[in-house]
Every structure is written in C-alpha cells, then in structure tokens.
$ cat coords-v6.pdb   # PDB, N, CA and C atoms
ATOM      1  N   MET Y 701      -3.433-125.845 -23.991
ATOM      2  CA  MET Y 701      -3.878-124.537 -24.412
ATOM      3  C   MET Y 701      -3.721-123.562 -23.258
ATOM      4  N   ARG Y 702      -3.611-122.289 -23.586
ATOM      5  CA  ARG Y 702      -3.369-121.247 -22.594
ATOM      6  C   ARG Y 702      -4.639-120.439 -22.326
ATOM      7  N   VAL Y 703      -4.861-120.139 -21.029
ATOM      8  CA  VAL Y 703      -5.957-119.270 -20.593
ATOM      9  C   VAL Y 703      -5.345-118.243 -19.645
ATOM     10  N   THR Y 704      -5.725-116.983 -19.819
ATOM     11  CA  THR Y 704      -5.250-115.922 -18.940
ATOM     12  C   THR Y 704      -6.425-115.363 -18.152
ATOM     13  N   PHE Y 705      -6.250-115.314 -16.838
ATOM     14  CA  PHE Y 705      -7.233-114.702 -15.952
ATOM     15  C   PHE Y 705      -6.686-113.356 -15.519
ATOM     16  N   ILE Y 706      -7.450-112.291 -15.746
ATOM     17  CA  ILE Y 706      -7.103-110.964 -15.245
ATOM     18  C   ILE Y 706      -7.787-110.827 -13.889
ATOM     19  N   HIS Y 707      -7.007-110.550 -12.861
ATOM     20  CA  HIS Y 707      -7.533-110.490 -11.497
ATOM     21  C   HIS Y 707      -8.551-109.360 -11.336
ATOM     22  N   ALA Y 708      -9.363-109.490 -10.307
ATOM     23  CA  ALA Y 708     -10.438-108.534 -10.048
ATOM     24  C   ALA Y 708      -9.935-107.109  -9.856
ATOM     25  N   ASP Y 709      -8.690-106.960  -9.394
ATOM     26  CA  ASP Y 709      -8.142-105.615  -9.204
ATOM     27  C   ASP Y 709      -7.687-104.989 -10.525
ATOM     28  N   GLY Y 710      -7.723-105.786 -11.609
ATOM     29  CA  GLY Y 710      -7.335-105.293 -12.927
ATOM     30  C   GLY Y 710      -5.841-105.213 -13.134
ATOM     31  N   LYS Y 711      -5.060-105.473 -12.105
ATOM     32  CA  LYS Y 711      -3.608-105.340 -12.187
ATOM     33  C   LYS Y 711      -2.904-106.679 -12.351
ATOM     34  N   GLY Y 712      -3.317-107.656 -11.572
ATOM     35  CA  GLY Y 712      -2.669-108.966 -11.623
ATOM     36  C   GLY Y 712      -3.231-109.827 -12.739
ATOM     37  N   ARG Y 713      -2.433-110.817 -13.125
ATOM     38  CA  ARG Y 713      -2.880-111.770 -14.142
ATOM     39  C   ARG Y 713      -2.259-113.117 -13.843
ATOM     40  N   THR Y 714      -3.001-114.156 -14.155
ATOM     41  CA  THR Y 714      -2.525-115.516 -13.980
ATOM     42  C   THR Y 714      -2.698-116.234 -15.307
ATOM     43  N   GLU Y 715      -1.601-116.726 -15.869
ATOM     44  CA  GLU Y 715      -1.646-117.509 -17.108
ATOM     45  C   GLU Y 715      -1.523-118.976 -16.746
ATOM     46  N   VAL Y 716      -2.427-119.783 -17.285
ATOM     47  CA  VAL Y 716      -2.447-121.208 -16.952
ATOM     48  C   VAL Y 716      -2.545-122.041 -18.219
ATOM     49  N   GLU Y 717      -2.154-123.295 -18.089
ATOM     50  CA  GLU Y 717      -2.358-124.267 -19.154
ATOM     51  C   GLU Y 717      -3.614-125.061 -18.813
ATOM     52  N   ALA Y 718      -4.423-125.328 -19.813
ATOM     53  CA  ALA Y 718      -5.659-126.082 -19.614
ATOM     54  C   ALA Y 718      -5.799-127.095 -20.741
ATOM     55  N   ALA Y 719      -6.405-128.195 -20.429
ATOM     56  CA  ALA Y 719      -6.631-129.225 -21.444
ATOM     57  C   ALA Y 719      -7.908-128.925 -22.210
ATOM     58  N   PRO Y 720      -7.882-129.073 -23.536
ATOM     59  CA  PRO Y 720      -9.135-128.950 -24.291
ATOM     60  C   PRO Y 720     -10.156-129.933 -23.707
ATOM     61  N   GLY Y 721     -11.399-129.494 -23.628
ATOM     62  CA  GLY Y 721     -12.450-130.313 -23.036
ATOM     63  C   GLY Y 721     -12.698-129.977 -21.573
ATOM     64  N   SER Y 722     -11.814-129.159 -20.991
ATOM     65  CA  SER Y 722     -12.003-128.707 -19.611
ATOM     66  C   SER Y 722     -13.086-127.638 -19.560
ATOM     67  N   ILE Y 723     -13.717-127.533 -18.420
ATOM     68  CA  ILE Y 723     -14.695-126.468 -18.185
ATOM     69  C   ILE Y 723     -13.945-125.312 -17.535
ATOM     70  N   LEU Y 724     -14.169-124.114 -18.031
ATOM     71  CA  LEU Y 724     -13.429-122.949 -17.554
ATOM     72  C   LEU Y 724     -13.541-122.773 -16.041
ATOM     73  N   LEU Y 725     -14.700-123.014 -15.454
ATOM     74  CA  LEU Y 725     -14.855-122.875 -14.006
ATOM     75  C   LEU Y 725     -13.901-123.799 -13.265
ATOM     76  N   ASP Y 726     -13.788-125.036 -13.710
ATOM     77  CA  ASP Y 726     -12.898-125.993 -13.060
ATOM     78  C   ASP Y 726     -11.440-125.536 -13.154
ATOM     79  N   VAL Y 727     -11.058-125.019 -14.310
ATOM     80  CA  VAL Y 727      -9.697-124.521 -14.507
ATOM     81  C   VAL Y 727      -9.447-123.336 -13.573
ATOM     82  N   ALA Y 728     -10.408-122.425 -13.495
ATOM     83  CA  ALA Y 728     -10.274-121.251 -12.634
ATOM     84  C   ALA Y 728     -10.121-121.665 -11.178
ATOM     85  N   GLN Y 729     -10.965-122.560 -10.719
ATOM     86  CA  GLN Y 729     -10.906-122.979  -9.323
ATOM     87  C   GLN Y 729      -9.623-123.733  -9.016
ATOM     88  N   ALA Y 730      -9.129-124.530  -9.950
ATOM     89  CA  ALA Y 730      -7.880-125.264  -9.750
ATOM     90  C   ALA Y 730      -6.693-124.321  -9.580
ATOM     91  N   HIS Y 731      -6.838-123.103 -10.114
ATOM     92  CA  HIS Y 731      -5.769-122.103 -10.010
ATOM     93  C   HIS Y 731      -6.132-120.974  -9.044
ATOM     94  N   LEU Y 732      -7.068-121.292  -8.131
ATOM     95  CA  LEU Y 732      -7.444-120.423  -7.004
ATOM     96  C   LEU Y 732      -8.013-119.071  -7.415
ATOM     97  N   MET Y 733      -8.673-119.023  -8.570
ATOM     98  CA  MET Y 733      -9.382-117.803  -8.946
ATOM     99  C   MET Y 733     -10.652-117.727  -8.098
ATOM    100  N   PRO Y 734     -11.078-116.525  -7.699
ATOM    101  CA  PRO Y 734     -12.209-116.377  -6.777
ATOM    102  C   PRO Y 734     -13.571-116.515  -7.455
ATOM    103  N   LEU Y 735     -13.812-117.669  -8.042
ATOM    104  CA  LEU Y 735     -15.113-117.957  -8.651
ATOM    105  C   LEU Y 735     -15.756-119.062  -7.830
ATOM    106  N   GLU Y 736     -16.860-118.732  -7.203
ATOM    107  CA  GLU Y 736     -17.483-119.646  -6.257
ATOM    108  C   GLU Y 736     -18.119-120.864  -6.930
ATOM    109  N   GLY Y 737     -18.922-120.644  -7.959
ATOM    110  CA  GLY Y 737     -19.583-121.774  -8.610
ATOM    111  C   GLY Y 737     -20.512-122.519  -7.660
ATOM    112  N   THR Y 738     -21.309-121.782  -6.916
ATOM    113  CA  THR Y 738     -22.173-122.344  -5.876
ATOM    114  C   THR Y 738     -23.048-123.486  -6.375
ATOM    115  N   CYS Y 739     -23.591-123.365  -7.567
ATOM    116  CA  CYS Y 739     -24.540-124.377  -8.058
ATOM    117  C   CYS Y 739     -23.847-125.537  -8.766
ATOM    118  N   GLU Y 740     -22.510-125.524  -8.787
ATOM    119  CA  GLU Y 740     -21.717-126.594  -9.384
ATOM    120  C   GLU Y 740     -22.066-126.829 -10.849
ATOM    121  N   GLY Y 741     -22.263-125.737 -11.580
ATOM    122  CA  GLY Y 741     -22.472-125.838 -13.018
ATOM    123  C   GLY Y 741     -23.887-126.115 -13.465
ATOM    124  N   GLN Y 742     -24.846-126.003 -12.573
ATOM    125  CA  GLN Y 742     -26.237-126.295 -12.913
ATOM    126  C   GLN Y 742     -27.005-125.076 -13.420
ATOM    127  N   MET Y 743     -26.321-123.956 -13.594
ATOM    128  CA  MET Y 743     -26.909-122.686 -14.044
ATOM    129  C   MET Y 743     -28.065-122.238 -13.149
ATOM    130  N   ALA Y 744     -27.853-122.367 -11.842
ATOM    131  CA  ALA Y 744     -28.850-121.904 -10.880
ATOM    132  C   ALA Y 744     -28.336-120.693 -10.109
ATOM    133  N   CYS Y 745     -27.181-120.165 -10.518
ATOM    134  CA  CYS Y 745     -26.613-118.986  -9.861
ATOM    135  C   CYS Y 745     -25.739-118.263 -10.884
ATOM    136  N   SER Y 746     -25.109-117.194 -10.461
ATOM    137  CA  SER Y 746     -24.194-116.483 -11.361
ATOM    138  C   SER Y 746     -22.849-116.231 -10.677
ATOM    139  N   THR Y 747     -22.490-117.117  -9.734
ATOM    140  CA  THR Y 747     -21.275-116.908  -8.952
ATOM    141  C   THR Y 747     -19.998-117.299  -9.697
ATOM    142  N   CYS Y 748     -20.118-117.731 -10.934
ATOM    143  CA  CYS Y 748     -18.928-118.014 -11.748
ATOM    144  C   CYS Y 748     -18.850-117.048 -12.935
ATOM    145  N   HIS Y 749     -19.508-115.917 -12.799
ATOM    146  CA  HIS Y 749     -19.535-114.895 -13.843
ATOM    147  C   HIS Y 749     -18.124-114.393 -14.145
ATOM    148  N   VAL Y 750     -17.768-114.386 -15.426
ATOM    149  CA  VAL Y 750     -16.511-113.804 -15.896
ATOM    150  C   VAL Y 750     -16.819-112.870 -17.064
ATOM    151  N   ILE Y 751     -15.890-111.988 -17.337
ATOM    152  CA  ILE Y 751     -16.022-111.088 -18.477
ATOM    153  C   ILE Y 751     -14.953-111.499 -19.483
ATOM    154  N   VAL Y 752     -15.391-111.957 -20.621
ATOM    155  CA  VAL Y 752     -14.482-112.425 -21.661
ATOM    156  C   VAL Y 752     -13.920-111.215 -22.395
ATOM    157  N   ALA Y 753     -12.622-111.250 -22.681
ATOM    158  CA  ALA Y 753     -11.999-110.168 -23.433
ATOM    159  C   ALA Y 753     -12.737-109.979 -24.754
ATOM    160  N   LYS Y 754     -12.959-108.734 -25.138
ATOM    161  CA  LYS Y 754     -13.723-108.429 -26.356
ATOM    162  C   LYS Y 754     -13.183-109.167 -27.568
ATOM    163  N   GLU Y 755     -11.863-109.228 -27.695
ATOM    164  CA  GLU Y 755     -11.265-109.867 -28.866
ATOM    165  C   GLU Y 755     -11.441-111.389 -28.878
ATOM    166  N   ASP Y 756     -11.836-111.969 -27.751
ATOM    167  CA  ASP Y 756     -12.032-113.418 -27.665
ATOM    168  C   ASP Y 756     -13.495-113.837 -27.653
ATOM    169  N   PHE Y 757     -14.381-112.901 -27.391
ATOM    170  CA  PHE Y 757     -15.789-113.222 -27.170
ATOM    171  C   PHE Y 757     -16.416-113.986 -28.336
ATOM    172  N   ASP Y 758     -16.125-113.604 -29.558
ATOM    173  CA  ASP Y 758     -16.748-114.246 -30.721
ATOM    174  C   ASP Y 758     -16.224-115.656 -30.981
ATOM    175  N   ARG Y 759     -15.168-116.050 -30.285
ATOM    176  CA  ARG Y 759     -14.658-117.415 -30.446
ATOM    177  C   ARG Y 759     -15.443-118.426 -29.619
ATOM    178  N   LEU Y 760     -16.304-117.936 -28.734
ATOM    179  CA  LEU Y 760     -17.108-118.812 -27.890
ATOM    180  C   LEU Y 760     -18.456-119.078 -28.535
ATOM    181  N   PRO Y 761     -19.020-120.256 -28.281
ATOM    182  CA  PRO Y 761     -20.398-120.496 -28.747
ATOM    183  C   PRO Y 761     -21.334-119.514 -28.059
ATOM    184  N   GLU Y 762     -22.447-119.218 -28.691
ATOM    185  CA  GLU Y 762     -23.413-118.287 -28.092
ATOM    186  C   GLU Y 762     -23.964-118.845 -26.789
ATOM    187  N   ALA Y 763     -24.264-117.959 -25.873
ATOM    188  CA  ALA Y 763     -24.883-118.351 -24.605
ATOM    189  C   ALA Y 763     -26.311-118.809 -24.864
ATOM    190  N   THR Y 764     -26.747-119.767 -24.080
ATOM    191  CA  THR Y 764     -28.137-120.213 -24.172
ATOM    192  C   THR Y 764     -29.036-119.176 -23.511
ATOM    193  N   GLU Y 765     -30.308-119.278 -23.749
ATOM    194  CA  GLU Y 765     -31.263-118.361 -23.115
ATOM    195  C   GLU Y 765     -31.211-118.490 -21.596
ATOM    196  N   MET Y 766     -31.031-119.712 -21.112
ATOM    197  CA  MET Y 766     -30.954-119.934 -19.669
ATOM    198  C   MET Y 766     -29.712-119.249 -19.079
ATOM    199  N   GLU Y 767     -28.576-119.336 -19.784
ATOM    200  CA  GLU Y 767     -27.377-118.652 -19.312
ATOM    201  C   GLU Y 767     -27.575-117.142 -19.328
ATOM    202  N   GLU Y 768     -28.190-116.630 -20.374
ATOM    203  CA  GLU Y 768     -28.475-115.186 -20.452
ATOM    204  C   GLU Y 768     -29.338-114.736 -19.276
ATOM    205  N   ASP Y 769     -30.315-115.562 -18.903
ATOM    206  CA  ASP Y 769     -31.182-115.237 -17.764
ATOM    207  C   ASP Y 769     -30.368-115.153 -16.478
ATOM    208  N   MET Y 770     -29.427-116.066 -16.288
ATOM    209  CA  MET Y 770     -28.588-116.051 -15.081
ATOM    210  C   MET Y 770     -27.648-114.846 -15.097
ATOM    211  N   LEU Y 771     -27.150-114.494 -16.269
ATOM    212  CA  LEU Y 771     -26.260-113.336 -16.374
ATOM    213  C   LEU Y 771     -26.980-112.041 -16.028
ATOM    214  N   ASP Y 772     -28.303-112.012 -16.247
ATOM    215  CA  ASP Y 772     -29.085-110.836 -15.857
ATOM    216  C   ASP Y 772     -29.006-110.582 -14.355
ATOM    217  N   LEU Y 773     -28.684-111.618 -13.582
ATOM    218  CA  LEU Y 773     -28.603-111.513 -12.126
ATOM    219  C   LEU Y 773     -27.176-111.248 -11.637
ATOM    220  N   ALA Y 774     -26.211-111.320 -12.538
ATOM    221  CA  ALA Y 774     -24.805-111.173 -12.149
ATOM    222  C   ALA Y 774     -24.453-109.715 -11.894
ATOM    223  N   ALA Y 775     -23.769-109.467 -10.791
ATOM    224  CA  ALA Y 775     -23.301-108.115 -10.481
ATOM    225  C   ALA Y 775     -22.227-107.708 -11.484
ATOM    226  N   GLY Y 776     -22.359-106.530 -12.046
ATOM    227  CA  GLY Y 776     -21.347-106.020 -12.962
ATOM    228  C   GLY Y 776     -21.332-106.666 -14.329
ATOM    229  N   ALA Y 777     -22.437-107.294 -14.734
ATOM    230  CA  ALA Y 777     -22.477-107.957 -16.045
ATOM    231  C   ALA Y 777     -22.284-106.948 -17.173
ATOM    232  N   ARG Y 778     -21.606-107.414 -18.206
ATOM    233  CA  ARG Y 778     -21.337-106.596 -19.393
ATOM    234  C   ARG Y 778     -21.715-107.375 -20.641
ATOM    235  N   ARG Y 779     -21.557-106.753 -21.794
ATOM    236  CA  ARG Y 779     -21.936-107.401 -23.053
ATOM    237  C   ARG Y 779     -21.162-108.708 -23.277
ATOM    238  N   THR Y 780     -19.928-108.775 -22.804
ATOM    239  CA  THR Y 780     -19.117-109.975 -23.028
ATOM    240  C   THR Y 780     -19.070-110.885 -21.800
ATOM    241  N   SER Y 781     -20.049-110.752 -20.914
ATOM    242  CA  SER Y 781     -20.112-111.605 -19.729
ATOM    243  C   SER Y 781     -20.573-113.008 -20.108
ATOM    244  N   ARG Y 782     -20.020-113.980 -19.399
ATOM    245  CA  ARG Y 782     -20.428-115.388 -19.548
ATOM    246  C   ARG Y 782     -20.315-116.058 -18.188
ATOM    247  N   LEU Y 783     -20.925-117.227 -18.074
ATOM    248  CA  LEU Y 783     -20.766-118.059 -16.890
ATOM    249  C   LEU Y 783     -19.639-119.047 -17.188
ATOM    250  N   ALA Y 784     -18.631-119.073 -16.327
ATOM    251  CA  ALA Y 784     -17.470-119.937 -16.557
ATOM    252  C   ALA Y 784     -17.858-121.414 -16.581
ATOM    253  N   CYS Y 785     -18.941-121.772 -15.908
ATOM    254  CA  CYS Y 785     -19.376-123.177 -15.898
ATOM    255  C   CYS Y 785     -19.929-123.618 -17.245
ATOM    256  N   GLN Y 786     -20.207-122.684 -18.121
ATOM    257  CA  GLN Y 786     -20.798-123.007 -19.418
ATOM    258  C   GLN Y 786     -19.793-122.913 -20.566
ATOM    259  N   ILE Y 787     -18.532-122.646 -20.251
ATOM    260  CA  ILE Y 787     -17.517-122.534 -21.292
ATOM    261  C   ILE Y 787     -16.681-123.798 -21.305
ATOM    262  N   LEU Y 788     -16.918-124.622 -22.313
ATOM    263  CA  LEU Y 788     -16.144-125.831 -22.540
ATOM    264  C   LEU Y 788     -14.981-125.443 -23.447
ATOM    265  N   LEU Y 789     -13.773-125.544 -22.929
ATOM    266  CA  LEU Y 789     -12.604-125.076 -23.673
ATOM    267  C   LEU Y 789     -12.289-125.977 -24.862
ATOM    268  N   THR Y 790     -11.984-125.354 -25.983
ATOM    269  CA  THR Y 790     -11.584-126.070 -27.194
ATOM    270  C   THR Y 790     -10.266-125.481 -27.682
ATOM    271  N   GLU Y 791      -9.600-126.196 -28.563
ATOM    272  CA  GLU Y 791      -8.338-125.710 -29.146
ATOM    273  C   GLU Y 791      -8.526-124.336 -29.786
ATOM    274  N   ALA Y 792      -9.710-124.093 -30.353
ATOM    275  CA  ALA Y 792      -9.982-122.810 -31.015
ATOM    276  C   ALA Y 792      -9.986-121.644 -30.033
ATOM    277  N   MET Y 793     -10.042-121.949 -28.735
ATOM    278  CA  MET Y 793     -10.058-120.903 -27.711
ATOM    279  C   MET Y 793      -8.672-120.672 -27.105
ATOM    280  N   ASP Y 794      -7.645-121.292 -27.663
ATOM    281  CA  ASP Y 794      -6.291-121.116 -27.131
ATOM    282  C   ASP Y 794      -5.960-119.634 -27.041
ATOM    283  N   GLY Y 795      -5.433-119.216 -25.890
ATOM    284  CA  GLY Y 795      -5.113-117.808 -25.674
ATOM    285  C   GLY Y 795      -6.255-117.007 -25.090
ATOM    286  N   LEU Y 796      -7.342-117.658 -24.710
ATOM    287  CA  LEU Y 796      -8.516-116.995 -24.142
ATOM    288  C   LEU Y 796      -8.128-116.151 -22.927
ATOM    289  N   THR Y 797      -8.659-114.939 -22.867
ATOM    290  CA  THR Y 797      -8.454-114.069 -21.713
ATOM    291  C   THR Y 797      -9.808-113.728 -21.110
ATOM    292  N   VAL Y 798      -9.915-113.932 -19.791
ATOM    293  CA  VAL Y 798     -11.142-113.583 -19.080
ATOM    294  C   VAL Y 798     -10.787-112.733 -17.872
ATOM    295  N   HIS Y 799     -11.669-111.815 -17.553
ATOM    296  CA  HIS Y 799     -11.506-110.916 -16.418
ATOM    297  C   HIS Y 799     -12.403-111.391 -15.286
ATOM    298  N   ILE Y 800     -11.845-111.442 -14.092
ATOM    299  CA  ILE Y 800     -12.649-111.726 -12.902
ATOM    300  C   ILE Y 800     -13.301-110.396 -12.521
ATOM    301  N   PRO Y 801     -14.629-110.333 -12.463
ATOM    302  CA  PRO Y 801     -15.287-109.055 -12.143
ATOM    303  C   PRO Y 801     -14.861-108.527 -10.771
ATOM    304  N   SER Y 802     -14.746-107.223 -10.661
ATOM    305  CA  SER Y 802     -14.365-106.627  -9.376
ATOM    306  C   SER Y 802     -15.427-106.893  -8.314
ATOM    307  N   GLU Y 803     -16.645-107.182  -8.738
ATOM    308  CA  GLU Y 803     -17.740-107.482  -7.801
ATOM    309  C   GLU Y 803     -17.671-108.921  -7.293
ATOM    310  N   SER Y 804     -16.744-109.704  -7.810
ATOM    311  CA  SER Y 804     -16.631-111.120  -7.465
ATOM    312  C   SER Y 804     -16.257-111.312  -6.010
ATOM    313  N   ARG Y 805     -17.002-112.166  -5.320
ATOM    314  CA  ARG Y 805     -16.705-112.493  -3.938
ATOM    315  C   ARG Y 805     -16.860-113.998  -3.767
ATOM    316  N   ASN Y 806     -15.776-114.678  -3.450
ATOM    317  CA  ASN Y 806     -15.833-116.108  -3.236
ATOM    318  C   ASN Y 806     -16.043-116.372  -1.751
ATOM    319  N   MET Y 807     -17.259-116.714  -1.369
ATOM    320  CA  MET Y 807     -17.585-116.914   0.039
ATOM    321  C   MET Y 807     -17.078-118.273   0.542
ATOM    322  N   GLN Y 808     -16.677-119.158  -0.378
ATOM    323  CA  GLN Y 808     -16.161-120.465   0.027
ATOM    324  C   GLN Y 808     -14.672-120.415   0.314
ATOM    325  N   GLY Y 809     -14.011-119.351  -0.114
ATOM    326  CA  GLY Y 809     -12.575-119.233   0.102
ATOM    327  C   GLY Y 809     -11.807-120.143  -0.840
ATOM    328  N   PRO Y 810     -10.490-120.143  -0.759
ATOM    329  CA  PRO Y 810      -9.675-120.978  -1.656
ATOM    330  C   PRO Y 810      -9.988-122.445  -1.465
ATOM    331  N   ARG Y 811      -9.864-123.181  -2.553
ATOM    332  CA  ARG Y 811     -10.118-124.624  -2.472
ATOM    333  C   ARG Y 811      -8.828-125.368  -2.358
TER     334      ARG Y 811
END
$ encode --input "coords-v6.pdb" --output "structure tokens"
Amino acid sequence: MRVTFIHADGKGRTEVEAAPGSILLDVAQAHLMPLEGTCEGQMACSTCHVIVAKEDFDRLPEATEMEEDMLDLAAGARRTSRLACQILLTEAMDGLTVHIPSESRNMQGPR
C-alpha cells in the first residue's frame, strides 16, 4: 500500500510503500521523516503528531480519548491531527496522505 508524507515545509513529498499491519510511526521513521516518537508508542507524548489529509481522515478509526488528550498538547494540532503511533495501516487506507507539522522537531535526528 502507498503512503505519502508531505514535508514540514509544505513543498516536498515522500511516497513510500508500506505493508498493511504496519504502524504509521514506524513507516515514517524508516523513511527518515522527522517524527521523534519519544514514548515509543505508549501515548505519553505527542512527538509523532501528524496532520491527516482531510480527504483521508474519515478512513481512519476514531481516536481514543487518551489520544485526543495527547493531541491537546501537540504544537499546531488541527481537526485532522492524529498520533502516528496510533495509526495501524490497513488496505482501506491505501493512498493515505499525512502532513508533517511545520512545528515538528526531531531531537533524536535521523535514525
């Protein structure tokens, strides 16, 4: 399946292939997107915050209350914001586009 990351500058884009069942954060990090994921998917931070394209947002399962609470702490959060660690990719999400927020800062650097 295909996932497109729109870079934080809004100009660049990276299209990648991902296996269904993958976690979006892992896919992003494997392709050097600047998503820190400090808590390693435990929903104790918002460093993997992404903005899902409006046309794709309804294809994702609803965020849990705990994820919504973490998104309240994310810089630049919008209505279609999600935590990449909570998005389990499925075939129904093929073609998903997510934007890396301009406020994104990966303090760990490339992996």
$ residues_around --input "coords-v6.pdb" --residues "segment 703-714 of chain Y" --least-positions-apart "4" --cutoff "8 Å" --atoms "all atoms listed in the file" --output "number ranges by chain"
Y: 718, 728, 733-734, 793-804
$ resolve_selection --input "coords-v6.pdb" --expression "the PyMOL selection byres ((chain Y and resi 720) around 7)" --output "NGL selection string"
:Y and (701 or 718-719 or 721-723 or 788-791)
$ write_last_selection --input "coords-v6.pdb" --atoms "N, CA and C atoms" --output "compact mmCIF listing (two decimals), keeping the file's coordinate frame"
# COMPACT_ATOMS: atom_id res chain seq x y z
N MET Y 701 -3.43 -125.84 -23.99
CA MET Y 701 -3.88 -124.54 -24.41
C MET Y 701 -3.72 -123.56 -23.26
N ALA Y 718 -4.42 -125.33 -19.81
CA ALA Y 718 -5.66 -126.08 -19.61
C ALA Y 718 -5.80 -127.10 -20.74
N ALA Y 719 -6.40 -128.20 -20.43
CA ALA Y 719 -6.63 -129.22 -21.44
C ALA Y 719 -7.91 -128.93 -22.21
N GLY Y 721 -11.40 -129.49 -23.63
CA GLY Y 721 -12.45 -130.31 -23.04
C GLY Y 721 -12.70 -129.98 -21.57
N SER Y 722 -11.81 -129.16 -20.99
CA SER Y 722 -12.00 -128.71 -19.61
C SER Y 722 -13.09 -127.64 -19.56
N ILE Y 723 -13.72 -127.53 -18.42
CA ILE Y 723 -14.70 -126.47 -18.18
C ILE Y 723 -13.94 -125.31 -17.54
N LEU Y 788 -16.92 -124.62 -22.31
CA LEU Y 788 -16.14 -125.83 -22.54
C LEU Y 788 -14.98 -125.44 -23.45
N LEU Y 789 -13.77 -125.54 -22.93
CA LEU Y 789 -12.60 -125.08 -23.67
C LEU Y 789 -12.29 -125.98 -24.86
N THR Y 790 -11.98 -125.35 -25.98
CA THR Y 790 -11.58 -126.07 -27.19
C THR Y 790 -10.27 -125.48 -27.68
N GLU Y 791 -9.60 -126.20 -28.56
CA GLU Y 791 -8.34 -125.71 -29.15
C GLU Y 791 -8.53 -124.34 -29.79
$ residues_around --input "coords-v6.pdb" --residues "Ala784 of chain Y" --least-positions-apart "3" --cutoff "6 Å" --atoms "all atoms listed in the file" --output "list in words"
Ile723, Leu724, Leu725, Cys748, His749, Val750 and Ile787 of chain Y
$ select_by_dssp --input "coords-v6.pdb" --residues "chain Y" --states "helix (DSSP H, G or I)" --output "PyMOL selection string"
chain Y and resi 724-730+754-757+765-771+784-786+791-793
$ atom_distance --input "coords-v6.pdb" --atom1 "atom C of Asp772 of chain Y" --atom2 "atom N of Ser746 of chain Y"
8.6 Å
$ resolve_selection --input "coords-v6.pdb" --expression "the PyMOL selection byres ((chain Y and resi 736) around 5)" --output "PDB file with N, CA and C atoms, in the coordinates of the input"
ATOM      1  N   PRO Y 734     -11.078-116.525  -7.699  1.00  0.00           N
ATOM      2  CA  PRO Y 734     -12.209-116.377  -6.777  1.00  0.00           C
ATOM      3  C   PRO Y 734     -13.571-116.515  -7.455  1.00  0.00           C
ATOM      4  N   LEU Y 735     -13.812-117.669  -8.042  1.00  0.00           N
ATOM      5  CA  LEU Y 735     -15.113-117.957  -8.651  1.00  0.00           C
ATOM      6  C   LEU Y 735     -15.756-119.062  -7.830  1.00  0.00           C
ATOM      7  N   GLY Y 737     -18.922-120.644  -7.959  1.00  0.00           N
ATOM      8  CA  GLY Y 737     -19.583-121.774  -8.610  1.00  0.00           C
ATOM      9  C   GLY Y 737     -20.512-122.519  -7.660  1.00  0.00           C
ATOM     10  N   THR Y 738     -21.309-121.782  -6.916  1.00  0.00           N
ATOM     11  CA  THR Y 738     -22.173-122.344  -5.876  1.00  0.00           C
ATOM     12  C   THR Y 738     -23.048-123.486  -6.375  1.00  0.00           C
ATOM     13  N   THR Y 747     -22.490-117.117  -9.734  1.00  0.00           N
ATOM     14  CA  THR Y 747     -21.275-116.908  -8.952  1.00  0.00           C
ATOM     15  C   THR Y 747     -19.998-117.299  -9.697  1.00  0.00           C
ATOM     16  N   ASN Y 806     -15.776-114.678  -3.450  1.00  0.00           N
ATOM     17  CA  ASN Y 806     -15.833-116.108  -3.236  1.00  0.00           C
ATOM     18  C   ASN Y 806     -16.043-116.372  -1.751  1.00  0.00           C
TER      19      ASN Y 806
END
$ select_by_dssp --input "coords-v6.pdb" --residues "segment 726-809 of chain Y" --states "strand (DSSP E or B)" --output "number ranges by chain"
Y: 749-752, 781-783, 788, 796-799
$ residues_near_point --input "coords-v6.pdb" --point "(-27.0, -111.1, -19.3)" --cutoff "12 Å" --atoms "only C-alpha atoms" --output "ChimeraX atom specification"
/Y:746,749-751,762-783
$ atom_distance --input "coords-v6.pdb" --atom1 "atom C of Met743 of chain Y" --atom2 "atom CA of Asp756 of chain Y"
23.4 Å
$ atom_distance --input "coords-v6.pdb" --atom1 "atom CA of Glu740 of chain Y" --atom2 "atom CA of Val727 of chain Y"
13.2 Å
$ closest_residue --input "coords-v6.pdb" --among "Y:Leu760, Y:Ala744, Y:Ala792, Y:Cys785" --to "Asp726 of chain Y" --atoms "all atoms listed in the file"
Y:Cys785
